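Here is the structure we will look at.
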Amino acid sequence: MTHRNCAADRSQFIDVSIFTLSRRGFLGAGAAALALMPGRRALGAAGSDIRLVPGPAHAPLLGAGAPTTPVWAYNGAVPGPEIRLRQGTPLRVEVENGLGQDTTIHWHGLRLPNAMDGVPYVTQEPIPPGGRFVYQFTPPDAGTFFYHPHVRGSEQQGRGLYGALIVEEAEPPQVDREALWVIDDWRLGEDGTIDDSFGNGMDMSHAGRRGNVATLNGRDSSAFSVRAGERLRLRLINTANARIFALRFEGHRPVVIALDGQPVAPYEAEGAGIVLPPAGRADLILDMVGDPGASFAVTDDYSNRNAYKFLDLVYDEAPPLRSSPLDMPVALAANPLPEPDLDHARRHEIVLAGGAMGSMRSAILNGEELGIRELAGLGKVWALNGIAAHQVNMPPLLTFERGRTQVLALRNDTAFPHPMHLHGFSFQVISRNGRPNPRREWLDTVLLERDETAELAFVADNPGDWLFHCHILEHMEAGMNAVFRVL
Ligand SMILES: [Cu+2]
């Protein structure tokens with residue numbers, strides 16, 4: 001990526017394209033061996049009545065033996081407590097804001113009542129410091145979801161506020177072990193503390209805030225212990241502000257069984273590996289076909305130029321659990337999503353524009369057309385259909401008739417990829433780049449590379465004001481955000 005026109009930017013001293021992102025990072029030998037991951041986190045907040053307190057904390061991001069890092073965390077841990085419940089079970093979460101600023105919690109990917117969606121000034125008033133708010137809803141879909149704030153997301157999520165929300169199927173596929181990989185990257189300064197250049201113009205107008213240290217479940221990613229012959233269900237969640245991961249499992253053939261929490265017909269991941277944009281999730285079945293004592297790299301090569309080893313799958317010396325892989329079905333039962341009726345759909349074109357090296361010359365902000373220089377001065381450099389979001393009291397960009405199928409035809413007219421997220425709904429990806437999409441996966445966050453198009457279909461069955469935004473959090477804050485109203 002080029003860095004021209006950014007000479008004055010204070011983020012210049014950290015050039016993530018020069019730093020090799022690695023567990024060893026620039027902190028040298030600080031990272032010690034990691035404790036092995038249990039299949040399920042001991043921190044799990046099983047049950048359905050939960051209290052979450054976001055506030056300052058210290059996290060051992062760099063592992064044992066290295067200094068802890070001051071972070072913001074739910075209940076003192078990064079990731080926050082894993083919330084786990086059965087499909088169809090009511091969930092009640094009381095939030096007490098221990099931060100020195102407003103916050104909310106958004107339940108990413110969940111279909112829920114609009115008032116529980118956690119968007120300040122759209123679905124609720126922000127929760128002030130010391131304030132409380134109770135979220136209550138019943139997840140209709142089983143799957144892998146997560147929660148995070150929706151106030152000053154770049155900084156609040158970037159400092160560590162996120163956690164997994166797992167809704168279990170009534171009949172999950174049979175595996176030997178289930179593991180959760182919450183993956184993130186952090187931009188740390190040379191002293192190991194979080195670089196505080198949140199919201200700088202460089203990140204906002206380019207690829208967002210990418211870090212220089214990758215973590216797995218809040219620890220410097222290094223090794224993941226496995227046993228020969230076992231079958232794993234791996235739940236992956238990308239909680240990074242801006243980094244797109246493409247994980248490739250050397251010597252293994254992961255089978256994708258769900259994307260963004262929604263089941264897919266199981267398929268083997270192709271050459272590109274498992275691509276996870278910010279907020280993306282994938283459920284994998286992984287048969288451990290290596291020999292006892294062997295080690296295999298899991299590499300993130302989304303950016304060929306900056307590919308790095310994310311971690312090693314390290315086989316223990318125990319004899320194989322079985323001589324050949326399990327021969328059991330792995331397909332998940334479908335969730336109760338309403339099927340789009342494409343013959344009677346309303347179609348909406350949505351153009352993504354702006355950013356560095358883009359062609360956008362002006363956009364409407366707060367009802368006023370402004371040139372790109374004025375917009376940049378106000379920190380708004382991205383737009384959807386020519387409108388840069390000003391975040392508070394946004395009029396709806398689109399209004400949908402309740403119950404009717406909507407088709408969103410997206411076109412990325414910018415020089416950067418954008419993972420576009422719709423609140424409150426899962427949508428079916430019916431075409432990509434003008435060609436029908438045979439897999440027709442259900443997602444809540446679709447990645448559009450530069451110049452790409454996609455058509456998304458869903459039934460607008462849930463009334464309220466719902467956000468549609470880029471999940472590169474710096475892009476969202478810099479204008480790539482809109483409200484869709486379902487009446
Ligand atoms: Cu974006």
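Residues are referred to by chain and number: the chain letter is A, B, ... according to the order shown in the structure tokens, the number counts from 1 in that chain, and ligands are numbered separately from 1 in the order shown.
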
Query raised in the report: Out of region 223-439 of chain A, which residues get alpha helix (DSSP H) from DSSP, as a list in words?
Result: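 So, restricting region 223-439 of chain A to alpha helix (DSSP H), we get Ile372, Arg373, Glu374, Leu375, Ala376 and Gly377 of chain A.
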
Report task. Residues up to 12 Å from ligand 1, counting only C-alpha atoms and all ligand atoms: could you list those as a ChimeraX atom specification? Result -> /A:203-209,241-244,277-278,352-356,381-384,412-421,445-450,468-481

**Report entry** Straight-line distance linking CA of Pro320 (chain A) with CA of Ile183 (chain A), stated in Å to one decimal
**Finding:** 28.1 Å

Report task. Return as a list in words the full set of residues in region 266-302 of chain A whose backbone-based DSSP assignment is strand (DSSP E or B). Result -> Pro266, Tyr267, Glu268, Ile274, Val275, Leu276, Arg281, Ala282, Asp283, Leu284, Ile285, Leu286, Asp287, Ser295, Phe296, Ala297, Val298, Thr299 and Asp300 of chain A

Report task. May I have the residues within 10 Å of Leu487 (chain A) as JSON, numbers by chain, using only C-alpha atoms and disregarding those fewer than 6 positions away in the same chain? Result -> {"A": [399, 400, 401, 402, 403, 460, 461, 462, 463, 464, 465]}

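With CA of Ala228 (chain A) on one side and CA of Pro319 (chain A) on the other, the separation reads 6.8 Å.
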
Query raised in the report: If we count only C-alpha atoms, what is near Gly160 (chain A) at a cut-off of 7 Å, once residues fewer than 6 positions away on the same chain are taken out, given as a list in words?
Result: Val71, Trp72, Ala73, Val78 and Pro79 of chain A

Generate the output file for the selected residues, N, CA, C and O atoms, as an mmCIF file, in the first residue's frame.
data_model
loop_
_atom_site.group_PDB
_atom_site.id
_atom_site.type_symbol
_atom_site.label_atom_id
_atom_site.label_comp_id
_atom_site.auth_asym_id
_atom_site.auth_seq_id
_atom_site.Cartn_x
_atom_site.Cartn_y
_atom_site.Cartn_z
ATOM 1 N N VAL A 71 -5.497 -2.701 28.876
ATOM 2 C CA VAL A 71 -6.534 -2.854 27.848
ATOM 3 C C VAL A 71 -7.852 -2.348 28.416
ATOM 4 O O VAL A 71 -7.926 -1.959 29.585
ATOM 5 N N TRP A 72 -8.887 -2.362 27.599
ATOM 6 C CA TRP A 72 -10.255 -2.257 28.084
ATOM 7 C C TRP A 72 -10.875 -3.634 27.849
ATOM 8 O O TRP A 72 -10.669 -4.224 26.784
ATOM 9 N N ALA A 73 -11.606 -4.126 28.840
ATOM 10 C CA ALA A 73 -12.067 -5.513 28.750
ATOM 11 C C ALA A 73 -13.412 -5.676 29.436
ATOM 12 O O ALA A 73 -13.778 -4.890 30.311
ATOM 13 N N VAL A 78 -9.705 -10.467 28.180
ATOM 14 C CA VAL A 78 -9.775 -10.397 26.719
ATOM 15 C C VAL A 78 -9.540 -11.803 26.165
ATOM 16 O O VAL A 78 -8.507 -12.384 26.452
ATOM 17 N N PRO A 79 -10.457 -12.368 25.406
ATOM 18 C CA PRO A 79 -11.810 -11.867 25.148
ATOM 19 C C PRO A 79 -12.644 -11.850 26.429
ATOM 20 O O PRO A 79 -12.259 -12.473 27.419
#

Requested in this report: Can you work out the spacing between CA of Asn97 (chain A) and CA of His148 (chain A) in Å, to one decimal?
Outcome: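 Those two atoms sit 13.1 Å apart.
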
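Residues in contact range of Gly130 (chain A), defined as at most 9 Å between only C-alpha atoms, with sequence neighbours fewer than 3 positions away removed, read A:Glu96, A:Asn97, A:Gly98, A:Leu99, A:Gly100, A:Ile127.
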
Requested in this report: Skip Ile285 (chain A) itself and residues of its chain fewer than 2 positions away, then list as a list in words all residues within 7 Å of it, counting only C-alpha atoms.
Outcome: Arg231, Leu232, Arg233, Leu234, Pro254, Val255, Val256 and Asp287 of chain A

Report task. Mind checking which residues fall within 10 Å of Arg187 (chain A), counting only C-alpha atoms, ignoring those fewer than 4 positions away in the same chain, and posting them as a ChimeraX atom specification? Result -> /A:14,16,21,158-159,192-197,209-214
